[in-house]
file run.tsv (TSV, C-alpha atoms)
chain	number	residue	atom	x	y	z
A	26	SER	CA	-52.59	15.52	-66.45
A	27	HIS	CA	-49.73	16.11	-64.03
A	28	PHE	CA	-47.09	18.73	-64.49
A	29	ILE	CA	-43.57	17.25	-64.58
A	30	PRO	CA	-40.87	19.92	-64.32
A	31	SER	CA	-38.14	19.64	-66.94
A	32	PRO	CA	-34.44	20.29	-66.20
A	33	ALA	CA	-34.64	23.43	-68.38
A	34	TRP	CA	-37.58	24.78	-66.35
A	35	LEU	CA	-35.85	23.98	-63.07
A	36	ALA	CA	-32.82	25.96	-64.23
A	37	THR	CA	-34.98	29.12	-64.38
A	38	VAL	CA	-36.27	28.77	-60.82
A	39	ARG	CA	-34.47	30.53	-58.00
A	40	PHE	CA	-32.50	28.35	-55.59
A	41	PRO	CA	-34.97	28.32	-52.65
A	42	ALA	CA	-37.81	27.38	-54.99
A	43	ARG	CA	-35.74	24.66	-56.66
A	44	LYS	CA	-34.90	23.24	-53.25
A	45	THR	CA	-38.57	23.09	-52.31
A	46	ILE	CA	-39.52	21.50	-55.65
A	47	CYS	CA	-36.79	18.83	-55.39
A	48	MET	CA	-37.88	17.95	-51.83
A	49	CYS	CA	-41.44	17.57	-53.05
A	50	LEU	CA	-40.39	15.33	-55.94
A	51	ALA	CA	-38.36	13.12	-53.59
A	52	ALA	CA	-41.32	12.85	-51.24
A	53	CYS	CA	-43.59	11.88	-54.13
A	54	GLY	CA	-41.13	9.18	-55.19
A	55	PHE	CA	-41.07	7.61	-51.72
A	56	ALA	CA	-44.83	7.74	-51.54
A	57	LEU	CA	-45.16	5.97	-54.88
A	58	LEU	CA	-42.67	3.27	-53.85
A	59	PHE	CA	-44.48	2.55	-50.59
A	60	SER	CA	-47.88	2.55	-52.29
A	61	LEU	CA	-46.68	-0.05	-54.83
A	62	THR	CA	-45.26	-2.23	-52.06
A	63	ALA	CA	-48.48	-1.99	-50.11
A	64	HIS	CA	-50.46	-2.79	-53.23
A	65	ALA	CA	-48.34	-5.91	-53.90
A	66	GLN	CA	-48.84	-7.06	-50.31
A	67	GLY	CA	-52.52	-6.32	-50.51
A	68	GLY	CA	-53.54	-9.07	-52.92
A	69	VAL	CA	-51.52	-8.70	-56.13
A	70	PRO	CA	-49.07	-11.66	-56.06
A	71	LEU	CA	-45.44	-11.29	-57.13
A	72	VAL	CA	-44.40	-13.86	-59.72
A	73	THR	CA	-40.95	-15.49	-59.53
A	74	VAL	CA	-39.42	-15.48	-63.00
A	75	ALA	CA	-36.16	-17.32	-62.26
A	76	THR	CA	-33.80	-18.15	-59.44
A	77	ASP	CA	-30.22	-19.40	-59.29
A	78	GLN	CA	-31.69	-22.91	-59.16
A	79	SER	CA	-33.88	-22.57	-62.23
A	80	VAL	CA	-33.32	-25.04	-65.10
A	81	LEU	CA	-33.22	-23.11	-68.36
A	82	ASN	CA	-33.74	-24.48	-71.86
A	83	LEU	CA	-30.33	-23.92	-73.40
A	84	SER	CA	-29.50	-24.19	-77.08
A	85	SER	CA	-28.29	-27.59	-78.23
A	86	GLN	CA	-26.43	-26.08	-81.21
A	87	PHE	CA	-22.66	-25.71	-81.30
A	88	GLY	CA	-22.64	-22.31	-82.93
A	89	VAL	CA	-19.61	-21.22	-84.96
A	90	PRO	CA	-16.39	-22.83	-83.63
A	91	THR	CA	-13.70	-20.40	-82.54
A	92	PHE	CA	-10.85	-22.54	-83.86
A	93	THR	CA	-10.58	-25.93	-85.57
A	94	ALA	CA	-7.99	-28.60	-86.35
A	95	ILE	CA	-8.19	-31.64	-88.62
A	96	ASN	CA	-5.66	-34.37	-89.36
A	97	GLN	CA	-5.02	-36.44	-92.47
A	98	SER	CA	-7.41	-39.16	-91.28
A	99	GLY	CA	-10.30	-36.73	-90.92
A	100	ASP	CA	-10.35	-36.59	-87.12
A	101	PHE	CA	-11.65	-33.20	-86.07
A	102	ALA	CA	-11.14	-31.09	-82.94
A	103	PHE	CA	-12.56	-27.65	-82.25
A	104	ILE	CA	-13.02	-24.96	-79.64
A	105	GLY	CA	-16.71	-24.21	-79.19
A	106	ASN	CA	-18.48	-20.94	-79.84
A	107	GLY	CA	-17.42	-18.29	-77.33
A	108	ASN	CA	-14.26	-20.25	-76.39
A	109	SER	CA	-16.52	-22.32	-74.17
A	110	GLY	CA	-15.35	-25.90	-74.57
A	111	LEU	CA	-13.13	-28.45	-76.29
A	112	PHE	CA	-14.80	-30.97	-78.60
A	113	PHE	CA	-13.53	-33.94	-80.61
A	114	ARG	CA	-15.10	-35.97	-83.37
A	115	ALA	CA	-13.24	-39.03	-84.65
A	116	ALA	CA	-13.33	-39.68	-88.40
A	117	GLY	CA	-16.58	-41.46	-89.25
A	118	ALA	CA	-18.19	-40.78	-85.87
A	119	ALA	CA	-21.80	-39.65	-85.87
A	120	SER	CA	-21.29	-36.83	-83.39
A	121	ALA	CA	-18.71	-34.82	-81.48
A	122	THR	CA	-17.74	-35.49	-77.87
A	123	LEU	CA	-17.33	-32.76	-75.27
A	124	LEU	CA	-13.93	-33.26	-73.60
A	125	LEU	CA	-13.76	-30.23	-71.32
A	126	GLN	CA	-15.72	-27.00	-70.82
A	127	ASP	CA	-15.62	-23.74	-68.93
A	128	GLY	CA	-16.53	-24.19	-65.29
A	129	ASP	CA	-14.63	-27.49	-65.10
A	130	ALA	CA	-11.45	-27.83	-63.07
A	131	VAL	CA	-8.21	-27.93	-65.02
A	132	PRO	CA	-7.15	-31.59	-64.88
A	133	GLY	CA	-4.22	-31.85	-62.49
A	134	ILE	CA	-4.71	-28.42	-60.87
A	135	PRO	CA	-6.87	-28.72	-57.72
A	136	GLY	CA	-9.12	-25.78	-56.90
A	137	SER	CA	-8.98	-24.40	-60.44
A	138	TRP	CA	-11.92	-23.16	-62.49
A	139	ILE	CA	-11.72	-22.87	-66.29
A	140	VAL	CA	-12.85	-19.42	-67.44
A	141	LEU	CA	-12.33	-19.82	-71.18
A	142	PHE	CA	-10.33	-21.73	-73.80
A	143	SER	CA	-7.56	-20.24	-75.91
A	144	PRO	CA	-8.71	-19.66	-79.51
A	145	SER	CA	-6.21	-22.21	-80.83
A	146	VAL	CA	-6.08	-25.99	-81.03
A	147	ALA	CA	-3.74	-28.50	-82.73
A	148	LEU	CA	-4.25	-32.16	-83.60
A	149	ASN	CA	-1.80	-34.84	-84.77
A	150	SER	CA	-2.29	-38.16	-86.57
A	151	THR	CA	-2.50	-40.14	-83.31
A	152	LYS	CA	-5.52	-38.05	-82.22
A	153	SER	CA	-3.58	-36.17	-79.55
A	154	ILE	CA	-4.92	-32.64	-79.04
A	155	LEU	CA	-2.98	-29.57	-77.89
A	156	PHE	CA	-4.98	-26.69	-76.42
A	157	GLY	CA	-4.89	-23.92	-73.83
A	158	VAL	CA	-7.13	-22.61	-71.05
A	159	ASN	CA	-7.45	-19.52	-68.87
A	160	TYR	CA	-8.44	-20.40	-65.31
A	161	THR	CA	-8.75	-18.99	-61.83
A	162	LEU	CA	-7.62	-20.23	-58.44
A	163	PRO	CA	-8.66	-19.24	-54.92
A	164	ASP	CA	-6.09	-16.43	-55.18
A	165	GLY	CA	-8.51	-14.70	-57.58
A	166	LEU	CA	-5.81	-14.20	-60.23
A	167	THR	CA	-5.89	-15.26	-63.87
A	168	HIS	CA	-3.69	-18.23	-64.79
A	169	VAL	CA	-2.98	-19.94	-68.11
A	170	ALA	CA	-2.13	-23.54	-68.94
A	171	ILE	CA	-1.33	-25.50	-72.11
A	172	LEU	CA	-2.51	-29.11	-72.05
A	173	MET	CA	-2.43	-32.19	-74.25
A	174	TYR	CA	-5.20	-34.79	-74.42
A	175	ASP	CA	-3.94	-38.19	-75.65
A	176	GLY	CA	-7.31	-39.87	-76.12
A	177	SER	CA	-7.68	-41.05	-72.54
A	178	SER	CA	-6.07	-38.52	-70.20
A	179	PHE	CA	-4.94	-34.91	-69.96
A	180	HIS	CA	-1.32	-33.80	-69.49
A	181	ILE	CA	-0.16	-30.33	-68.47
A	182	ILE	CA	2.54	-29.11	-70.86
A	183	ALA	CA	3.17	-25.75	-69.17
A	184	SER	CA	1.41	-23.28	-66.92
A	185	SER	CA	1.87	-19.57	-66.42
A	186	ASP	CA	3.35	-20.26	-62.97
A	187	ASP	CA	6.00	-22.71	-64.23
A	188	ILE	CA	9.59	-21.49	-64.49
A	189	ALA	CA	10.94	-21.14	-68.04
A	190	PRO	CA	14.26	-22.80	-68.92
A	191	GLU	CA	17.46	-20.81	-68.58
A	192	PRO	CA	18.59	-18.26	-69.45
A	193	ASP	CA	15.07	-16.95	-68.78
A	194	GLY	CA	14.70	-18.54	-65.33
A	195	VAL	CA	11.41	-16.81	-64.49
A	196	ALA	CA	7.73	-17.76	-64.74
A	197	TYR	CA	6.28	-18.02	-68.24
A	198	GLY	CA	3.47	-15.62	-67.34
A	199	THR	CA	0.01	-15.37	-68.83
A	200	SER	CA	1.23	-14.76	-72.39
A	201	LEU	CA	1.56	-18.54	-72.91
A	202	THR	CA	0.41	-19.31	-76.46
A	203	VAL	CA	-0.48	-22.69	-77.95
A	204	GLY	CA	1.68	-23.85	-80.86
A	205	SER	CA	1.51	-27.21	-82.62
A	206	ILE	CA	1.97	-30.94	-82.03
A	207	ASP	CA	3.77	-33.34	-84.36
A	208	ASP	CA	3.07	-37.03	-84.87
A	209	ARG	CA	5.65	-37.94	-82.21
A	210	SER	CA	3.70	-35.76	-79.76
A	211	GLU	CA	6.44	-33.16	-79.55
A	212	VAL	CA	4.86	-29.77	-78.99
A	213	ASN	CA	5.87	-26.13	-79.13
A	214	PHE	CA	4.56	-22.93	-77.62
A	215	SER	CA	5.58	-19.34	-77.01
A	216	ALA	CA	5.60	-16.95	-74.06
A	217	VAL	CA	6.91	-13.60	-72.98
A	218	PRO	CA	8.43	-14.59	-69.60
A	219	LEU	CA	7.83	-12.27	-66.67
A	220	GLY	CA	10.09	-9.25	-66.79
A	221	LYS	CA	11.19	-10.00	-70.36
A	222	ALA	CA	10.44	-7.91	-73.42
A	223	ALA	CA	10.32	-10.39	-76.29
A	224	THR	CA	8.41	-13.46	-77.41
A	225	THR	CA	10.37	-16.65	-76.80
A	226	TYR	CA	9.79	-20.09	-78.35
A	227	TYR	CA	9.97	-23.45	-76.62
A	228	ILE	CA	9.79	-27.09	-77.72
A	229	VAL	CA	8.77	-29.95	-75.44
A	230	PRO	CA	10.03	-33.35	-76.67
A	231	SER	CA	7.61	-36.23	-76.13
A	232	GLY	CA	7.85	-37.21	-72.48
A	233	GLY	CA	10.50	-34.55	-71.85
A	234	THR	CA	10.78	-31.05	-70.44
A	235	ALA	CA	10.64	-27.71	-72.22
A	236	VAL	CA	13.69	-26.60	-74.23
A	237	ARG	CA	14.24	-22.94	-75.10
A	238	VAL	CA	14.71	-22.48	-78.85
A	239	ALA	CA	15.13	-18.73	-79.27
A	240	GLY	CA	13.84	-15.34	-78.22
A	241	LEU	CA	13.14	-12.66	-80.78
A	242	ASN	CA	15.58	-10.30	-79.08
A	243	ASP	CA	18.40	-12.88	-78.93
A	244	THR	CA	21.73	-12.12	-80.56
A	245	PRO	CA	21.70	-14.08	-83.85
A	246	PRO	CA	24.14	-17.00	-84.20
A	247	ALA	CA	27.56	-16.02	-85.50
A	248	ALA	CA	27.00	-18.12	-88.64
A	249	CYS	CA	24.63	-15.41	-89.87
A	250	THR	CA	27.28	-12.99	-91.09
A	251	TRP	CA	24.69	-10.56	-92.48
A	252	CYS	CA	22.55	-10.49	-89.32
A	253	GLY	CA	22.42	-7.66	-86.85
A	254	PRO	CA	21.07	-7.48	-83.31
A	255	PRO	CA	17.35	-6.67	-83.07
A	256	GLY	CA	17.06	-2.94	-82.68
A	257	GLY	CA	20.34	-2.46	-84.59
A	258	PHE	CA	20.74	-1.72	-88.27
A	259	LEU	CA	21.31	-3.87	-91.36
A	260	ASN	CA	22.37	-2.04	-94.54
A	261	GLY	CA	21.16	1.17	-92.97
A	262	ASN	CA	17.73	-0.21	-92.03
A	263	LEU	CA	16.36	-1.08	-88.61
A	264	VAL	CA	16.48	-4.84	-88.00
A	265	SER	CA	13.11	-6.22	-86.91
A	266	ALA	CA	12.32	-9.28	-84.84
A	267	THR	CA	9.61	-11.38	-86.40
A	268	ALA	CA	8.02	-14.81	-86.15
A	269	TYR	CA	6.51	-16.56	-89.10
A	270	LEU	CA	3.62	-18.82	-89.87
A	271	ALA	CA	0.21	-18.75	-91.47
A	272	ASN	CA	-2.52	-19.22	-88.86
A	273	SER	CA	-1.02	-18.97	-85.40
A	274	PRO	CA	1.37	-16.77	-83.42
A	275	VAL	CA	3.67	-19.83	-83.06
A	276	PRO	CA	5.43	-21.37	-86.10
A	277	ALA	CA	4.21	-24.93	-86.67
A	278	LEU	CA	6.46	-27.95	-86.14
A	279	ASN	CA	7.15	-30.26	-89.04
A	280	SER	CA	7.29	-34.04	-88.57
A	281	PHE	CA	10.84	-33.81	-87.21
A	282	GLY	CA	10.09	-31.32	-84.47
A	283	GLN	CA	11.50	-28.36	-86.40
A	284	MET	CA	10.11	-24.84	-86.66
A	285	LEU	CA	11.00	-21.89	-88.87
A	286	ILE	CA	11.68	-18.59	-87.13
A	287	GLY	CA	13.48	-15.39	-87.99
A	288	PHE	CA	15.09	-12.57	-86.08
A	289	GLY	CA	17.98	-10.17	-86.48
A	290	GLY	CA	17.66	-10.27	-90.26
A	291	GLY	CA	18.13	-14.03	-90.60
A	292	LEU	CA	15.96	-17.09	-91.07
A	293	PHE	CA	16.57	-20.18	-88.90
A	294	ILE	CA	15.31	-23.73	-88.47
A	295	GLY	CA	14.86	-24.25	-84.75
A	296	SER	CA	14.60	-27.54	-82.86
A	297	LYS	CA	15.29	-28.94	-79.40
A	298	ASP	CA	18.92	-29.20	-80.55
A	299	GLY	CA	19.28	-25.49	-81.36
A	300	LEU	CA	19.20	-23.19	-84.39
A	301	GLN	CA	20.39	-23.84	-87.93
A	302	LEU	CA	20.84	-20.91	-90.30
A	303	VAL	CA	19.07	-21.00	-93.67
A	304	GLU	CA	21.81	-20.04	-96.09
A	305	LEU	CA	21.10	-17.28	-98.62
A	306	SER	CA	22.78	-16.67	-101.94
A	307	SER	CA	25.67	-14.28	-102.25
A	308	SER	CA	24.15	-12.73	-105.38
A	309	GLY	CA	20.85	-12.53	-107.20
A	310	SER	CA	17.28	-12.36	-105.95
A	311	CYS	CA	17.74	-14.50	-102.81
A	312	THR	CA	20.43	-12.40	-101.15
A	313	PRO	CA	19.86	-10.75	-97.77
A	314	SER	CA	17.76	-7.68	-98.40
A	315	GLN	CA	17.64	-4.31	-96.73
A	316	SER	CA	14.45	-5.33	-94.93
A	317	LEU	CA	14.96	-9.08	-94.76
A	318	SER	CA	12.89	-9.77	-91.66
A	319	ALA	CA	10.05	-7.57	-92.86
A	320	ASN	CA	9.93	-9.41	-96.19
A	321	PHE	CA	9.90	-12.78	-94.49
A	322	ALA	CA	7.16	-11.66	-92.14
A	323	GLN	CA	4.98	-10.28	-94.91
A	324	TYR	CA	5.02	-13.39	-97.07
A	325	GLY	CA	5.53	-16.18	-94.51
A	326	PRO	CA	8.43	-18.56	-95.18
A	327	LEU	CA	7.57	-22.25	-95.37
A	328	LEU	CA	9.20	-25.43	-94.03
A	329	ASN	CA	8.14	-28.95	-95.03
A	330	ASP	CA	8.88	-32.41	-93.65
A	331	ALA	CA	11.72	-32.87	-96.13
A	332	GLY	CA	13.56	-29.88	-94.65
A	333	ASN	CA	12.93	-27.72	-97.75
A	334	VAL	CA	12.40	-24.00	-97.23
A	335	ALA	CA	10.53	-21.57	-99.48
A	336	PHE	CA	9.97	-17.84	-99.03
A	337	THR	CA	9.32	-14.63	-100.93
A	338	ASN	CA	12.16	-12.14	-100.87
A	339	THR	CA	12.77	-8.61	-102.06
A	340	SER	CA	16.36	-7.76	-102.92
A	341	ALA	CA	18.18	-5.29	-105.12
A	342	SER	CA	17.51	-7.74	-107.97
A	343	GLY	CA	13.76	-7.57	-107.45
A	344	LEU	CA	10.96	-9.69	-106.00
A	345	ALA	CA	11.22	-13.48	-106.27
A	346	ILE	CA	10.12	-16.72	-104.63
A	347	CYS	CA	13.18	-18.53	-103.29
A	348	PHE	CA	13.71	-22.22	-102.54
A	349	ALA	CA	16.33	-24.01	-100.45
A	350	ALA	CA	16.65	-27.81	-100.59
A	351	SER	CA	18.01	-27.72	-97.03
A	352	ALA	CA	19.16	-25.15	-94.52
A	353	ALA	CA	22.77	-25.71	-95.60
A	354	THR	CA	22.01	-25.24	-99.32
A	355	PRO	CA	21.89	-21.58	-100.39
A	356	ALA	CA	18.40	-20.53	-101.47
A	357	VAL	CA	17.87	-19.93	-105.17
A	358	PRO	CA	15.08	-18.07	-107.01
A	359	VAL	CA	12.48	-20.29	-108.68
A	360	VAL	CA	9.84	-17.71	-109.64
A	361	TYR	CA	10.69	-14.15	-110.68
A	362	LEU	CA	8.43	-11.14	-110.78
A	363	SER	CA	9.50	-10.73	-114.40
A	364	ASP	CA	8.33	-14.22	-115.38
A	365	PRO	CA	5.31	-14.18	-117.73
A	366	PRO	CA	2.04	-15.64	-116.40
A	367	PRO	CA	0.58	-18.59	-118.33
A	368	ALA	CA	-0.68	-17.58	-121.78
A	369	ALA	CA	-4.29	-18.33	-120.82
A	370	ILE	CA	-4.11	-15.49	-118.27
A	371	GLY	CA	-1.63	-13.15	-119.89
A	372	GLY	CA	-0.55	-9.83	-118.48
A	373	ASN	CA	2.31	-9.32	-116.04
A	374	PHE	CA	2.99	-10.30	-112.43
A	375	THR	CA	2.90	-7.32	-110.10
A	376	SER	CA	3.33	-9.24	-106.81
A	377	LEU	CA	4.20	-12.76	-105.62
A	378	SER	CA	3.38	-14.51	-102.32
A	379	ALA	CA	4.47	-18.06	-101.46
A	380	LEU	CA	1.58	-19.69	-99.57
A	381	ALA	CA	2.27	-23.42	-99.14
A	382	LEU	CA	5.02	-26.00	-99.65
A	383	ASP	CA	4.39	-29.75	-99.88
A	384	ASP	CA	6.86	-32.52	-99.09
A	385	ALA	CA	7.71	-32.96	-102.79
A	386	GLY	CA	8.92	-29.36	-102.93
A	387	ASP	CA	5.94	-28.02	-104.90
A	388	ILE	CA	5.14	-24.40	-104.05
A	389	LEU	CA	1.69	-22.85	-104.09
A	390	PHE	CA	1.85	-19.12	-104.65
A	391	LYS	CA	-0.51	-16.24	-105.31
A	392	ALA	CA	0.22	-13.48	-107.79
A	393	GLN	CA	-1.39	-10.19	-108.63
A	394	ILE	CA	-1.62	-9.59	-112.34
A	395	SER	CA	-1.98	-6.46	-114.44
A	396	SER	CA	-3.35	-6.29	-117.99
A	397	GLY	CA	-4.41	-9.94	-117.85
A	398	ASN	CA	-7.63	-11.92	-117.78
A	399	ALA	CA	-7.71	-11.99	-113.96
A	400	PRO	CA	-6.58	-9.50	-111.27
A	401	PHE	CA	-4.94	-12.31	-109.32
A	402	ALA	CA	-4.53	-16.07	-109.52
A	403	PHE	CA	-3.07	-19.07	-107.68
A	404	PHE	CA	-0.24	-21.06	-109.24
A	405	ARG	CA	1.83	-24.14	-108.45
A	406	TYR	CA	5.56	-24.28	-109.07
A	407	ARG	CA	7.09	-27.74	-109.31
call {"tool": "encode", "arguments": {"input": "run.tsv", "output": "structure tokens"}}
result
Amino acid sequence: SHFIPSPAWLATVRFPARKTICMCLAACGFALLFSLTAHAQGGVPLVTVATDQSVLNLSSQFGVPTFTAINQSGDFAFIGNGNSGLFFRAAGAASATLLLQDGDAVPGIPGSWIVLFSPSVALNSTKSILFGVNYTLPDGLTHVAILMYDGSSFHIIASSDDIAPEPDGVAYGTSLTVGSIDDRSEVNFSAVPLGKAATTYYIVPSGGTAVRVAGLNDTPPAACTWCGPPGGFLNGNLVSATAYLANSPVPALNSFGQMLIGFGGGLFIGSKDGLQLVELSSSGSCTPSQSLSANFAQYGPLLNDAGNVAFTNTSASGLAICFAASAATPAVPVVYLSDPPPAAIGGNFTSLSALALDDAGDILFKAQISSGNAPFAFFRYR
């Protein structure tokens, strides 16, 4: 056997000896390398395993989609595993169709190269798909674009290099985030424009240009008499700036191109025409609370196509689920924490969370329960 000096042994050898040993080891390494090369050239063939031109047997399986969207008709769109492509399967179709994948050029942007797809996609009843991509250009920088596919062609909604509407007046930047698309093909998205500090929301009317709805550090409209500027104080508590929705960083549009957002301690219905304050009660469980924005953010307020609003609120009167028939109608409590659960479950509510609101005004909510037959349950209020 051959003696191989360990690092610990080398540490005990005096410097001149270590120098000699290291030179010998280096010489042995070169000798071994040259002997292997000579051996390969002397009759042992080198085998090519793969080249950049090799055709590999790739998997034909989709894997787990990163994000999905489905409409009422059952049409289905999804972002492929690894954010690698956009697929669409019409209701009743036998298979999905690949619409675009990484490595393709962004339609309408010459010289571009798609690197990956945003993990978000939206689909309306006319089969139009809203999605986002990250791409590169010859400048070597990362760029972002939001696009819509209408069933036959792609349309660029916004890119990171586009200039945001005033008062922003600067490029959207790479924080562009996909929102939603309604059945009239109006879309919304968010961005933190270059040099700005807060998320801002935009709506693009069908066939129109982007309209700025609100930024989370905007001064709230004067109609919100209980609001304070973000970073200021409301009833002695710091006012937060928060956006609301269930599954995306951008609140979803309803069928009338409206979105529900909140900042400065107030809740607003935003559209291309501006902001409308959701009125709160002057007394009871739906009054402005000490941490109004935080409560809204935690439980996610809801907006339906009828213009109804539902949310969970904590006030001095306690926790309750509130309902407003319209933005102009003060919200009223419809479920109280003190309400008894159905007799079949028993016990007492210990928390309430409004989860969904249909167009008839029915509210789906979840409640934690103590001393009952279940630790939590889902209920419908109608």
call {"tool": "residues_around", "arguments": {"input": "run.tsv", "residues": "A:Val238", "least_positions_apart": "5", "cutoff": "8 Å", "atoms": "all atoms listed in the file", "output": "VMD selection string"}}
result
chain A and resid 225 to 228 295 to 297 299 to 300
call {"tool": "closest_atom_pairs", "arguments": {"input": "run.tsv", "of": "stretch 276-337 of chain A", "to": "stretch 371-388 of chain A", "cutoff": "7 Å", "atoms": "only C-alpha atoms", "output": "JSON lines"}}
result
{"residue": "A:Tyr324", "atom": "CA", "partner": "A:Ser378", "partner_atom": "CA", "distance": 5.6}
{"residue": "A:Leu327", "atom": "CA", "partner": "A:Leu382", "partner_atom": "CA", "distance": 6.2}
{"residue": "A:Asn329", "atom": "CA", "partner": "A:Asp384", "partner_atom": "CA", "distance": 5.6}
{"residue": "A:Asp330", "atom": "CA", "partner": "A:Asp384", "partner_atom": "CA", "distance": 5.8}
{"residue": "A:Ala331", "atom": "CA", "partner": "A:Asp384", "partner_atom": "CA", "distance": 5.7}
{"residue": "A:Asn333", "atom": "CA", "partner": "A:Gly386", "partner_atom": "CA", "distance": 6.8}
{"residue": "A:Phe336", "atom": "CA", "partner": "A:Ala379", "partner_atom": "CA", "distance": 6.0}
{"residue": "A:Thr337", "atom": "CA", "partner": "A:Ala379", "partner_atom": "CA", "distance": 6.0}
call {"tool": "closest_residue", "arguments": {"input": "run.tsv", "among": "A:Pro276, A:Pro313, A:Gly240, A:Pro326", "to": "A:Phe288", "atoms": "all atoms listed in the file"}}
result
A:Gly240
call {"tool": "atom_distance", "arguments": {"input": "run.tsv", "atom1": "atom CA of A:Phe156", "atom2": "atom CA of A:Ala119"}}
result
23.2 Å
call {"tool": "closest_residue", "arguments": {"input": "run.tsv", "among": "A:Pro218, A:Ser307, A:Tyr197, A:Ala102", "to": "A:Gly176", "atoms": "only C-alpha atoms"}}
result
A:Ala102
call {"tool": "closest_residue", "arguments": {"input": "run.tsv", "among": "A:Ile394, A:Ala247, A:Ala115, A:Leu155", "to": "A:His180", "atoms": "all atoms listed in the file"}}
result
A:Leu155
call {"tool": "atom_distance", "arguments": {"input": "run.tsv", "atom1": "atom CA of A:Ser185", "atom2": "atom CA of A:Ser145"}}
result
16.7 Å
call {"tool": "closest_residue", "arguments": {"input": "run.tsv", "among": "A:Val303, A:Leu389, A:Ala399, A:Val275", "to": "A:Thr354", "atoms": "all atoms listed in the file"}}
result
A:Val303
call {"tool": "residues_around", "arguments": {"input": "run.tsv", "residues": "stretch 364-369 of chain A", "least_positions_apart": "3", "cutoff": "12 Å", "atoms": "only C-alpha atoms", "output": "compact mmCIF listing (two decimals) with C-alpha atoms, in the frame of the given file"}}
result
# COMPACT_ATOMS: atom_id res chain seq x y z
CA GLY A 343 13.76 -7.57 -107.45
CA LEU A 344 10.96 -9.69 -106.00
CA ALA A 345 11.22 -13.48 -106.27
CA ILE A 346 10.12 -16.72 -104.63
CA PRO A 358 15.08 -18.07 -107.01
CA VAL A 359 12.48 -20.29 -108.68
CA VAL A 360 9.84 -17.71 -109.64
CA TYR A 361 10.69 -14.15 -110.68
CA GLY A 372 -0.55 -9.83 -118.48
CA ASN A 373 2.31 -9.32 -116.04
CA PHE A 374 2.99 -10.30 -112.43
CA THR A 375 2.90 -7.32 -110.10
CA SER A 376 3.33 -9.24 -106.81
CA LEU A 377 4.20 -12.76 -105.62
CA LYS A 391 -0.51 -16.24 -105.31
CA ALA A 392 0.22 -13.48 -107.79
CA GLN A 393 -1.39 -10.19 -108.63
CA ILE A 394 -1.62 -9.59 -112.34
CA SER A 395 -1.98 -6.46 -114.44
CA SER A 396 -3.35 -6.29 -117.99
CA GLY A 397 -4.41 -9.94 -117.85
CA ASN A 398 -7.63 -11.92 -117.78
CA ALA A 399 -7.71 -11.99 -113.96
CA PRO A 400 -6.58 -9.50 -111.27
CA PHE A 401 -4.94 -12.31 -109.32
CA ALA A 402 -4.53 -16.07 -109.52
CA PHE A 403 -3.07 -19.07 -107.68
CA PHE A 404 -0.24 -21.06 -109.24
CA ARG A 405 1.83 -24.14 -108.45
CA TYR A 406 5.56 -24.28 -109.07
call {"tool": "atom_distance", "arguments": {"input": "run.tsv", "atom1": "atom CA of A:Ser98", "atom2": "atom CA of A:Ile154"}}
result
14.1 Å
call {"tool": "closest_residue", "arguments": {"input": "run.tsv", "among": "A:Ala147, A:Ser109, A:Gly204, A:Asn242", "to": "A:Asn159", "atoms": "only C-alpha atoms"}}
result
A:Ser109
call {"tool": "closest_residue", "arguments": {"input": "run.tsv", "among": "A:Ala356, A:Val146, A:Cys249, A:Ile134", "to": "A:Phe101", "atoms": "all atoms listed in the file"}}
result
A:Val146
